[in-house]
file input_22.pdb (PDB, C-alpha atoms and all ligand atoms)
MODEL        1
ATOM      1  CA  MET A 160     -12.213  36.992  35.593  1.00  0.00           C
ATOM      2  CA  SER A 161     -15.019  36.854  33.067  1.00  0.00           C
ATOM      3  CA  ILE A 162     -13.895  37.579  29.523  1.00  0.00           C
ATOM      4  CA  LEU A 163     -16.135  38.711  26.662  1.00  0.00           C
ATOM      5  CA  LEU A 164     -14.805  38.077  23.148  1.00  0.00           C
ATOM      6  CA  LEU A 165     -16.346  40.270  20.447  1.00  0.00           C
ATOM      7  CA  ASN A 166     -16.008  39.354  16.785  1.00  0.00           C
ATOM      8  CA  GLY A 167     -16.653  42.368  14.570  1.00  0.00           C
ATOM      9  CA  SER A 168     -16.228  40.462  11.303  1.00  0.00           C
ATOM     10  CA  PRO A 169     -19.202  39.392   9.188  1.00  0.00           C
ATOM     11  CA  ARG A 170     -17.216  36.248   8.301  1.00  0.00           C
ATOM     12  CA  ALA A 171     -18.271  33.829  11.029  1.00  0.00           C
ATOM     13  CA  LYS A 172     -15.354  31.535  10.101  1.00  0.00           C
ATOM     14  CA  GLY A 173     -12.956  34.274   9.065  1.00  0.00           C
ATOM     15  CA  ASN A 174      -9.566  35.204  10.406  1.00  0.00           C
ATOM     16  CA  THR A 175     -10.772  37.321  13.317  1.00  0.00           C
ATOM     17  CA  ALA A 176     -13.087  34.506  14.418  1.00  0.00           C
ATOM     18  CA  THR A 177     -10.272  31.969  14.060  1.00  0.00           C
ATOM     19  CA  LEU A 178      -7.919  33.980  16.261  1.00  0.00           C
ATOM     20  CA  LEU A 179     -10.592  34.771  18.843  1.00  0.00           C
ATOM     21  CA  ARG A 180     -11.423  31.048  19.030  1.00  0.00           C
ATOM     22  CA  GLN A 181      -7.723  30.279  19.409  1.00  0.00           C
ATOM     23  CA  LEU A 182      -7.496  32.798  22.230  1.00  0.00           C
ATOM     24  CA  GLU A 183     -10.571  31.151  23.773  1.00  0.00           C
ATOM     25  CA  SER A 184      -8.872  27.731  23.597  1.00  0.00           C
ATOM     26  CA  GLY A 185      -5.860  29.132  25.420  1.00  0.00           C
ATOM     27  CA  ILE A 186      -8.077  30.736  28.071  1.00  0.00           C
ATOM     28  CA  GLU A 187      -9.991  27.475  28.574  1.00  0.00           C
ATOM     29  CA  GLU A 188      -6.747  25.503  28.888  1.00  0.00           C
ATOM     30  CA  THR A 189      -6.057  26.996  32.321  1.00  0.00           C
ATOM     31  CA  GLY A 190      -9.665  27.004  33.558  1.00  0.00           C
ATOM     32  CA  ALA A 191      -8.890  30.236  35.403  1.00  0.00           C
ATOM     33  CA  HIS A 192     -11.487  32.390  33.652  1.00  0.00           C
ATOM     34  CA  SER A 193     -14.969  32.198  32.211  1.00  0.00           C
ATOM     35  CA  VAL A 194     -15.297  33.193  28.578  1.00  0.00           C
ATOM     36  CA  ARG A 195     -18.153  34.161  26.251  1.00  0.00           C
ATOM     37  CA  TYR A 196     -17.880  34.627  22.478  1.00  0.00           C
ATOM     38  CA  VAL A 197     -20.223  36.904  20.508  1.00  0.00           C
ATOM     39  CA  ASP A 198     -20.506  37.474  16.746  1.00  0.00           C
ATOM     40  CA  VAL A 199     -21.308  41.182  16.963  1.00  0.00           C
ATOM     41  CA  ALA A 200     -21.771  41.484  13.211  1.00  0.00           C
ATOM     42  CA  ARG A 201     -24.764  39.136  13.387  1.00  0.00           C
ATOM     43  CA  LEU A 202     -26.571  41.335  15.885  1.00  0.00           C
ATOM     44  CA  ASN A 203     -28.974  44.102  15.042  1.00  0.00           C
ATOM     45  CA  ILE A 204     -27.179  47.157  16.429  1.00  0.00           C
ATOM     46  CA  LYS A 205     -28.268  50.460  14.968  1.00  0.00           C
ATOM     47  CA  PRO A 206     -25.998  53.523  14.796  1.00  0.00           C
ATOM     48  CA  CYS A 207     -25.955  55.998  17.682  1.00  0.00           C
ATOM     49  CA  ILE A 208     -28.282  58.883  16.798  1.00  0.00           C
ATOM     50  CA  ALA A 209     -26.717  61.306  19.324  1.00  0.00           C
ATOM     51  CA  CYS A 210     -30.110  62.179  20.825  1.00  0.00           C
ATOM     52  CA  ASP A 211     -28.675  62.195  24.383  1.00  0.00           C
ATOM     53  CA  TYR A 212     -31.792  60.417  25.706  1.00  0.00           C
ATOM     54  CA  CYS A 213     -29.329  58.173  27.598  1.00  0.00           C
ATOM     55  CA  HIS A 214     -27.931  61.091  29.576  1.00  0.00           C
ATOM     56  CA  SER A 215     -31.292  61.854  31.184  1.00  0.00           C
ATOM     57  CA  HIS A 216     -32.408  58.211  31.471  1.00  0.00           C
ATOM     58  CA  GLY A 217     -29.726  56.529  33.571  1.00  0.00           C
ATOM     59  CA  GLY A 218     -27.672  55.258  30.670  1.00  0.00           C
ATOM     60  CA  ALA A 219     -30.602  53.577  28.881  1.00  0.00           C
ATOM     61  CA  CYS A 220     -30.564  53.884  25.098  1.00  0.00           C
ATOM     62  CA  VAL A 221     -33.756  55.023  23.364  1.00  0.00           C
ATOM     63  CA  GLN A 222     -33.233  52.516  20.538  1.00  0.00           C
ATOM     64  CA  LYS A 223     -34.669  49.040  20.970  1.00  0.00           C
ATOM     65  CA  ASP A 224     -32.364  46.525  19.309  1.00  0.00           C
ATOM     66  CA  ASP A 225     -29.677  44.002  20.304  1.00  0.00           C
ATOM     67  CA  PHE A 226     -27.401  46.634  21.833  1.00  0.00           C
ATOM     68  CA  SER A 227     -28.789  46.568  25.366  1.00  0.00           C
ATOM     69  CA  ALA A 228     -28.311  42.786  25.770  1.00  0.00           C
ATOM     70  CA  LEU A 229     -24.724  43.016  24.519  1.00  0.00           C
ATOM     71  CA  MET A 230     -24.043  46.037  26.719  1.00  0.00           C
ATOM     72  CA  GLU A 231     -25.323  44.032  29.722  1.00  0.00           C
ATOM     73  CA  GLN A 232     -22.772  41.330  28.893  1.00  0.00           C
ATOM     74  CA  ALA A 233     -20.058  43.974  28.546  1.00  0.00           C
ATOM     75  CA  LEU A 234     -21.006  45.530  31.881  1.00  0.00           C
ATOM     76  CA  GLU A 235     -20.836  42.113  33.562  1.00  0.00           C
ATOM     77  CA  ALA A 236     -17.452  41.236  32.043  1.00  0.00           C
ATOM     78  CA  ASP A 237     -14.134  42.023  33.709  1.00  0.00           C
ATOM     79  CA  CYS A 238     -12.330  41.973  30.379  1.00  0.00           C
ATOM     80  CA  ILE A 239     -13.590  42.770  26.878  1.00  0.00           C
ATOM     81  CA  VAL A 240     -11.621  41.650  23.833  1.00  0.00           C
ATOM     82  CA  PHE A 241     -12.438  43.674  20.720  1.00  0.00           C
ATOM     83  CA  GLY A 242     -11.770  41.579  17.613  1.00  0.00           C
ATOM     84  CA  SER A 243     -12.019  43.084  14.144  1.00  0.00           C
ATOM     85  CA  PRO A 244     -10.928  42.710  10.558  1.00  0.00           C
ATOM     86  CA  VAL A 245      -9.079  45.772   9.259  1.00  0.00           C
ATOM     87  CA  TYR A 246     -11.392  47.748   7.001  1.00  0.00           C
ATOM     88  CA  TRP A 247      -9.865  50.831   5.407  1.00  0.00           C
ATOM     89  CA  TRP A 248      -7.136  51.265   8.018  1.00  0.00           C
ATOM     90  CA  ASN A 249      -9.730  50.955  10.771  1.00  0.00           C
ATOM     91  CA  ILE A 250     -11.941  48.482  12.611  1.00  0.00           C
ATOM     92  CA  SER A 251     -15.117  47.216  10.940  1.00  0.00           C
ATOM     93  CA  ALA A 252     -18.266  49.340  10.919  1.00  0.00           C
ATOM     94  CA  GLN A 253     -20.059  46.460  12.630  1.00  0.00           C
ATOM     95  CA  LEU A 254     -17.814  46.649  15.703  1.00  0.00           C
ATOM     96  CA  LYS A 255     -17.798  50.450  15.618  1.00  0.00           C
ATOM     97  CA  LEU A 256     -21.608  50.460  15.906  1.00  0.00           C
ATOM     98  CA  PHE A 257     -21.297  48.795  19.307  1.00  0.00           C
ATOM     99  CA  ILE A 258     -18.455  51.058  20.440  1.00  0.00           C
ATOM    100  CA  ASP A 259     -20.391  54.193  19.484  1.00  0.00           C
ATOM    101  CA  ARG A 260     -23.395  53.038  21.524  1.00  0.00           C
ATOM    102  CA  ILE A 261     -21.177  52.591  24.632  1.00  0.00           C
ATOM    103  CA  TYR A 262     -21.580  56.377  24.757  1.00  0.00           C
ATOM    104  CA  SER A 263     -24.930  55.707  26.463  1.00  0.00           C
ATOM    105  CA  ASN A 264     -23.273  54.411  29.637  1.00  0.00           C
ATOM    106  CA  MET A 265     -19.675  55.540  29.767  1.00  0.00           C
ATOM    107  CA  GLU A 266     -19.720  55.724  33.561  1.00  0.00           C
ATOM    108  CA  GLY A 267     -21.020  52.186  33.926  1.00  0.00           C
ATOM    109  CA  ILE A 268     -18.398  50.666  31.674  1.00  0.00           C
ATOM    110  CA  ARG A 269     -15.395  52.405  33.234  1.00  0.00           C
ATOM    111  CA  GLY A 270     -12.552  50.361  34.704  1.00  0.00           C
ATOM    112  CA  LYS A 271     -12.602  47.339  32.384  1.00  0.00           C
ATOM    113  CA  LYS A 272      -9.579  45.478  31.192  1.00  0.00           C
ATOM    114  CA  ILE A 273      -9.513  45.239  27.409  1.00  0.00           C
ATOM    115  CA  GLY A 274      -7.683  43.463  24.635  1.00  0.00           C
ATOM    116  CA  VAL A 275      -7.605  44.215  20.920  1.00  0.00           C
ATOM    117  CA  ILE A 276      -7.204  41.780  18.034  1.00  0.00           C
ATOM    118  CA  ALA A 277      -7.220  42.842  14.401  1.00  0.00           C
ATOM    119  CA  VAL A 278      -6.466  41.016  11.172  1.00  0.00           C
ATOM    120  CA  GLY A 279      -5.648  42.748   7.915  1.00  0.00           C
ATOM    121  CA  ALA A 280      -4.399  41.637   4.529  1.00  0.00           C
ATOM    122  CA  GLU A 281      -1.411  43.963   4.632  1.00  0.00           C
ATOM    123  CA  PRO A 282       1.823  42.876   6.342  1.00  0.00           C
ATOM    124  CA  LEU A 283       2.351  43.698  10.013  1.00  0.00           C
ATOM    125  CA  GLY A 284       4.221  46.975  10.218  1.00  0.00           C
ATOM    126  CA  ASP A 285       1.750  48.665   7.853  1.00  0.00           C
ATOM    127  CA  SER A 286       0.089  51.701   9.388  1.00  0.00           C
ATOM    128  CA  GLU A 287      -3.426  50.263   9.987  1.00  0.00           C
ATOM    129  CA  TYR A 288      -2.266  48.203  12.953  1.00  0.00           C
ATOM    130  CA  ARG A 289      -0.646  51.214  14.621  1.00  0.00           C
ATOM    131  CA  LEU A 290      -3.733  53.342  13.945  1.00  0.00           C
ATOM    132  CA  ILE A 291      -6.061  50.762  15.490  1.00  0.00           C
ATOM    133  CA  GLN A 292      -3.808  50.329  18.525  1.00  0.00           C
ATOM    134  CA  GLU A 293      -3.616  54.105  19.068  1.00  0.00           C
ATOM    135  CA  GLN A 294      -7.364  54.462  18.707  1.00  0.00           C
ATOM    136  CA  PHE A 295      -8.018  51.888  21.421  1.00  0.00           C
ATOM    137  CA  ALA A 296      -5.305  53.414  23.624  1.00  0.00           C
ATOM    138  CA  CYS A 297      -7.175  56.747  23.423  1.00  0.00           C
ATOM    139  CA  ILE A 298     -10.557  55.130  24.170  1.00  0.00           C
ATOM    140  CA  ALA A 299      -8.995  53.189  27.051  1.00  0.00           C
ATOM    141  CA  GLN A 300      -7.512  56.333  28.535  1.00  0.00           C
ATOM    142  CA  HIS A 301     -10.839  58.131  28.251  1.00  0.00           C
ATOM    143  CA  LEU A 302     -12.808  55.326  29.888  1.00  0.00           C
ATOM    144  CA  GLY A 303     -10.245  54.286  32.490  1.00  0.00           C
ATOM    145  CA  TRP A 304      -9.740  50.951  30.778  1.00  0.00           C
ATOM    146  CA  GLU A 305      -6.536  48.961  31.119  1.00  0.00           C
ATOM    147  CA  LEU A 306      -5.295  47.902  27.689  1.00  0.00           C
ATOM    148  CA  LEU A 307      -3.889  44.423  28.350  1.00  0.00           C
ATOM    149  CA  PHE A 308      -2.845  43.663  24.792  1.00  0.00           C
ATOM    150  CA  ALA A 309      -3.190  44.640  21.147  1.00  0.00           C
ATOM    151  CA  GLU A 310      -2.253  41.744  18.884  1.00  0.00           C
ATOM    152  CA  PHE A 311      -2.355  41.725  15.109  1.00  0.00           C
ATOM    153  CA  ALA A 312      -2.076  39.233  12.287  1.00  0.00           C
ATOM    154  CA  SER A 313      -1.937  39.372   8.529  1.00  0.00           C
ATOM    155  CA  ALA A 314      -4.128  37.087   6.398  1.00  0.00           C
ATOM    156  CA  TYR A 315      -6.457  37.635   3.464  1.00  0.00           C
ATOM    157  CA  PRO A 316      -8.863  34.793   2.508  1.00  0.00           C
ATOM    158  CA  ALA A 317     -11.360  33.730   5.188  1.00  0.00           C
ATOM    159  CA  GLY A 318      -9.707  31.414   7.700  1.00  0.00           C
ATOM    160  CA  ALA A 319      -6.288  31.509   5.987  1.00  0.00           C
ATOM    161  CA  VAL A 320      -4.647  32.527   9.252  1.00  0.00           C
ATOM    162  CA  ARG A 321      -5.187  28.953  10.490  1.00  0.00           C
ATOM    163  CA  GLU A 322      -2.336  27.857   8.202  1.00  0.00           C
ATOM    164  CA  ASP A 323       0.107  30.134  10.045  1.00  0.00           C
ATOM    165  CA  ALA A 324       1.246  27.914  12.920  1.00  0.00           C
ATOM    166  CA  ALA A 325       3.320  30.649  14.577  1.00  0.00           C
ATOM    167  CA  VAL A 326       0.378  33.051  14.718  1.00  0.00           C
ATOM    168  CA  MET A 327      -1.964  30.323  15.984  1.00  0.00           C
ATOM    169  CA  GLU A 328       0.512  29.486  18.750  1.00  0.00           C
ATOM    170  CA  ARG A 329       0.938  33.172  19.615  1.00  0.00           C
ATOM    171  CA  PHE A 330      -2.813  33.575  20.154  1.00  0.00           C
ATOM    172  CA  PHE A 331      -3.132  30.308  22.090  1.00  0.00           C
ATOM    173  CA  GLN A 332      -0.354  31.416  24.445  1.00  0.00           C
ATOM    174  CA  LEU A 333      -1.920  34.847  24.761  1.00  0.00           C
ATOM    175  CA  GLY A 334      -5.129  33.241  26.028  1.00  0.00           C
ATOM    176  CA  LYS A 335      -3.262  30.837  28.283  1.00  0.00           C
ATOM    177  CA  ASN A 336      -1.333  33.665  29.920  1.00  0.00           C
ATOM    178  CA  LEU A 337      -4.263  35.958  30.591  1.00  0.00           C
TER     179      LEU A 337
HETATM  180  C1  LIG B 401     -14.112  46.458   3.066  1.00  0.00           C
HETATM  181  C2  LIG B 401     -12.742  45.897   3.292  1.00  0.00           C
HETATM  182  C3  LIG B 401     -11.707  46.769   3.571  1.00  0.00           C
HETATM  183  C4  LIG B 401     -10.435  46.266   3.864  1.00  0.00           C
HETATM  184  N1  LIG B 401      -9.435  47.156   4.173  1.00  0.00           N
HETATM  185  C5  LIG B 401      -8.210  46.682   4.545  1.00  0.00           C
HETATM  186  C6  LIG B 401      -7.177  47.589   4.967  1.00  0.00           C
HETATM  187  O1  LIG B 401      -7.338  48.794   5.010  1.00  0.00           O
HETATM  188  N2  LIG B 401      -5.973  47.043   5.337  1.00  0.00           N
HETATM  189  C7  LIG B 401      -5.753  45.686   5.338  1.00  0.00           C
HETATM  190  O2  LIG B 401      -4.653  45.260   5.716  1.00  0.00           O
HETATM  191  N3  LIG B 401      -6.708  44.817   4.937  1.00  0.00           N
HETATM  192  C8  LIG B 401      -7.935  45.273   4.550  1.00  0.00           C
HETATM  193  N4  LIG B 401      -8.937  44.397   4.169  1.00  0.00           N
HETATM  194  C9  LIG B 401      -8.665  42.938   4.189  1.00  0.00           C
HETATM  195  C10 LIG B 401      -9.193  42.266   5.466  1.00  0.00           C
HETATM  196  O3  LIG B 401      -8.810  42.963   6.626  1.00  0.00           O
HETATM  197  C11 LIG B 401      -8.663  40.830   5.572  1.00  0.00           C
HETATM  198  O4  LIG B 401      -9.159  40.060   4.492  1.00  0.00           O
HETATM  199  C12 LIG B 401      -8.983  40.163   6.878  1.00  0.00           C
HETATM  200  O5  LIG B 401      -8.330  38.910   6.938  1.00  0.00           O
HETATM  201  C13 LIG B 401     -10.469  39.940   7.068  1.00  0.00           C
HETATM  202  O6  LIG B 401     -10.698  39.361   8.330  1.00  0.00           O
HETATM  203  P1  LIG B 401     -11.930  38.366   8.582  1.00  0.00           P
HETATM  204  O7  LIG B 401     -11.651  37.103   7.819  1.00  0.00           O
HETATM  205  O8  LIG B 401     -11.984  38.178  10.044  1.00  0.00           O
HETATM  206  O9  LIG B 401     -13.161  39.073   8.083  1.00  0.00           O
HETATM  207  C14 LIG B 401     -10.205  44.865   3.844  1.00  0.00           C
HETATM  208  C15 LIG B 401     -11.260  43.995   3.531  1.00  0.00           C
HETATM  209  C16 LIG B 401     -12.505  44.497   3.272  1.00  0.00           C
HETATM  210  C17 LIG B 401     -13.631  43.546   2.946  1.00  0.00           C
ENDMDL
END
call {"tool": "encode", "arguments": {"input": "input_22.pdb", "output": "structure tokens"}}
result
Amino acid sequence: MSILLLNGSPRAKGNTATLLRQLESGIEETGAHSVRYVDVARLNIKPCIACDYCHSHGGACVQKDDFSALMEQALEADCIVFGSPVYWWNISAQLKLFIDRIYSNMEGIRGKKIGVIAVGAEPLGDSEYRLIQEQFACIAQHLGWELLFAEFASAYPAGAVREDAAVMERFFQLGKNL
């Protein structure tokens, strides 16, 4: 399958990026899938303005920015992995901008497989990880997506997660077993 990895962190070499890259290494190890990595936070994606233009224009968004190209990639993918730092018990605003704009073509994007990766400073077991997992479970149910995995890690400074060999191995194996 074709897998799209989305990094919703503004830190291009942060913990989310590190774990997505580790997942990518695991995926590439088997050669079974194609994979594309996107730094969503670097794109110009404006907030949904709820104008409903999309609903009378075949799923096309009225706003002209980087959303449509990323949505094309999402539509082409079999599996989308949403990667985010934890911000205030939630995903980042940068990733949320893209998710909100999916509203423009909910029919088109039905039936995907998805994965979720989030990294927070707080220890695993804190409520943000459960909240993020539940949020994606609800979105997945609404859009007919199959939630393949939701995997979390705890790290604070940018890239610090690399020093945690067990977590790095967990994400490599996750990619290898997809
Ligand atoms: C605005 C902001 C809000 C944050 N809120 C939380 C939070 O609610 N819970 C948590 O565990 N960590 C929180 N953190 C810490 C980050 O999730 C953590 O540093 C993470 O490793 C960042 O991932 P990144 O390196 O991929 O950007 C917050 C960080 C920022 C900048």
call {"tool": "resolve_selection", "arguments": {"input": "input_22.pdb", "expression": "the PyMOL selection byres (((chain A and resi 175) around 8) and not hetatm)", "output": "JSON, numbers by chain"}}
result
{"A": [166, 167, 168, 173, 174, 176, 177, 178, 179, 242, 243, 244, 276, 277, 278]}
call {"tool": "closest_residue", "arguments": {"input": "input_22.pdb", "among": "A:Arg289, A:His216, A:Lys172, A:Lys335", "to": "Asp198 in chain A", "atoms": "all atoms listed in the file"}}
result
A:Lys172
call {"tool": "closest_residue", "arguments": {"input": "input_22.pdb", "among": "A:Trp247, A:Ala324, A:Ser161, A:Ile204", "to": "Glu183 in chain A", "atoms": "only C-alpha atoms"}}
result
A:Ser161
call {"tool": "resolve_selection", "arguments": {"input": "input_22.pdb", "expression": "the PyMOL selection byres (((chain A and resi 185) around 12) and not hetatm)", "output": "PyMOL selection string"}}
result
chain A and resi 178-184+186-194+327-337
call {"tool": "resolve_selection", "arguments": {"input": "input_22.pdb", "expression": "the PyMOL selection byres (((chain A and resi 282) around 9) and not hetatm)", "output": "JSON, numbers by chain"}}
result
{"A": [279, 280, 281, 283, 284, 285, 312, 313, 314]}
call {"tool": "residues_near_point", "arguments": {"input": "input_22.pdb", "point": "(-23.5, 53.4, 30.8)", "cutoff": "10 Å", "atoms": "only C-alpha atoms", "output": "number ranges by chain"}}
result
A: 213-214, 217-220, 230-231, 234, 260-269
call {"tool": "axis_aligned_box", "arguments": {"input": "input_22.pdb", "around": "range 327-335 of chain A", "padding_each_side": "4 Å", "output": "AutoDock Vina command-line options"}}
result
--center_x -2.1 --center_y 32.2 --center_z 22.1 --size_x 14.1 --size_y 13.4 --size_z 20.3
call {"tool": "residues_around", "arguments": {"input": "input_22.pdb", "residues": "Val275 in chain A", "least_positions_apart": "6", "cutoff": "6 Å", "atoms": "all atoms listed in the file", "output": "PyMOL selection string"}}
result
chain A and resi 240-242+309
call {"tool": "residues_near_point", "arguments": {"input": "input_22.pdb", "point": "(-8.5, 55.7, 16.2)", "cutoff": "12 Å", "atoms": "all atoms listed in the file", "output": "compact mmCIF listing (two decimals) with C-alpha atoms, in the coordinates of the input"}}
result
# COMPACT_ATOMS: atom_id res chain seq x y z
CA TRP A 247 -9.86 50.83 5.41
CA TRP A 248 -7.14 51.26 8.02
CA ASN A 249 -9.73 50.96 10.77
CA ILE A 250 -11.94 48.48 12.61
CA SER A 251 -15.12 47.22 10.94
CA LYS A 255 -17.80 50.45 15.62
CA ILE A 258 -18.45 51.06 20.44
CA SER A 286 0.09 51.70 9.39
CA GLU A 287 -3.43 50.26 9.99
CA TYR A 288 -2.27 48.20 12.95
CA ARG A 289 -0.65 51.21 14.62
CA LEU A 290 -3.73 53.34 13.94
CA ILE A 291 -6.06 50.76 15.49
CA GLN A 292 -3.81 50.33 18.52
CA GLU A 293 -3.62 54.10 19.07
CA GLN A 294 -7.36 54.46 18.71
CA PHE A 295 -8.02 51.89 21.42
CA ALA A 296 -5.30 53.41 23.62
CA CYS A 297 -7.18 56.75 23.42
CA ILE A 298 -10.56 55.13 24.17
CA ALA A 299 -8.99 53.19 27.05
call {"tool": "atom_distance", "arguments": {"input": "input_22.pdb", "atom1": "CA of Pro316 in chain A", "atom2": "CA of Val197 in chain A"}}
result
21.4 Å
call {"tool": "atom_distance", "arguments": {"input": "input_22.pdb", "atom1": "CA of Ala319 in chain A", "atom2": "CA of Val245 in chain A"}}
result
14.9 Å
call {"tool": "closest_residue", "arguments": {"input": "input_22.pdb", "among": "A:Asp259, A:Asp225, A:Asp323, A:Glu305", "to": "Asp237 in chain A", "atoms": "all atoms listed in the file"}}
result
A:Glu305
call {"tool": "atom_distance", "arguments": {"input": "input_22.pdb", "atom1": "CA of Ala228 in chain A", "atom2": "CA of Leu165 in chain A"}}
result
13.3 Å
call {"tool": "decode", "arguments": {"input": "input_22.pdb", "residues": "range 171-183 of chain A", "atoms": "C-alpha atoms", "output": "tab-separated table (two decimals), in the first residue's frame"}}
result
chain	number	residue	atom	x	y	z
A	171	ALA	CA	11.51	19.60	11.55
A	172	LYS	CA	13.98	17.56	13.63
A	173	GLY	CA	11.77	17.17	16.68
A	174	ASN	CA	10.44	14.09	18.36
A	175	THR	CA	7.44	13.57	16.09
A	176	ALA	CA	9.69	13.83	13.04
A	177	THR	CA	12.20	11.43	14.60
A	178	LEU	CA	9.55	8.79	15.26
A	179	LEU	CA	7.91	9.22	11.86
A	180	ARG	CA	11.33	8.79	10.22
A	181	GLN	CA	11.92	5.70	12.35
A	182	LEU	CA	8.58	4.31	11.24
A	183	GLU	CA	9.59	5.11	7.65
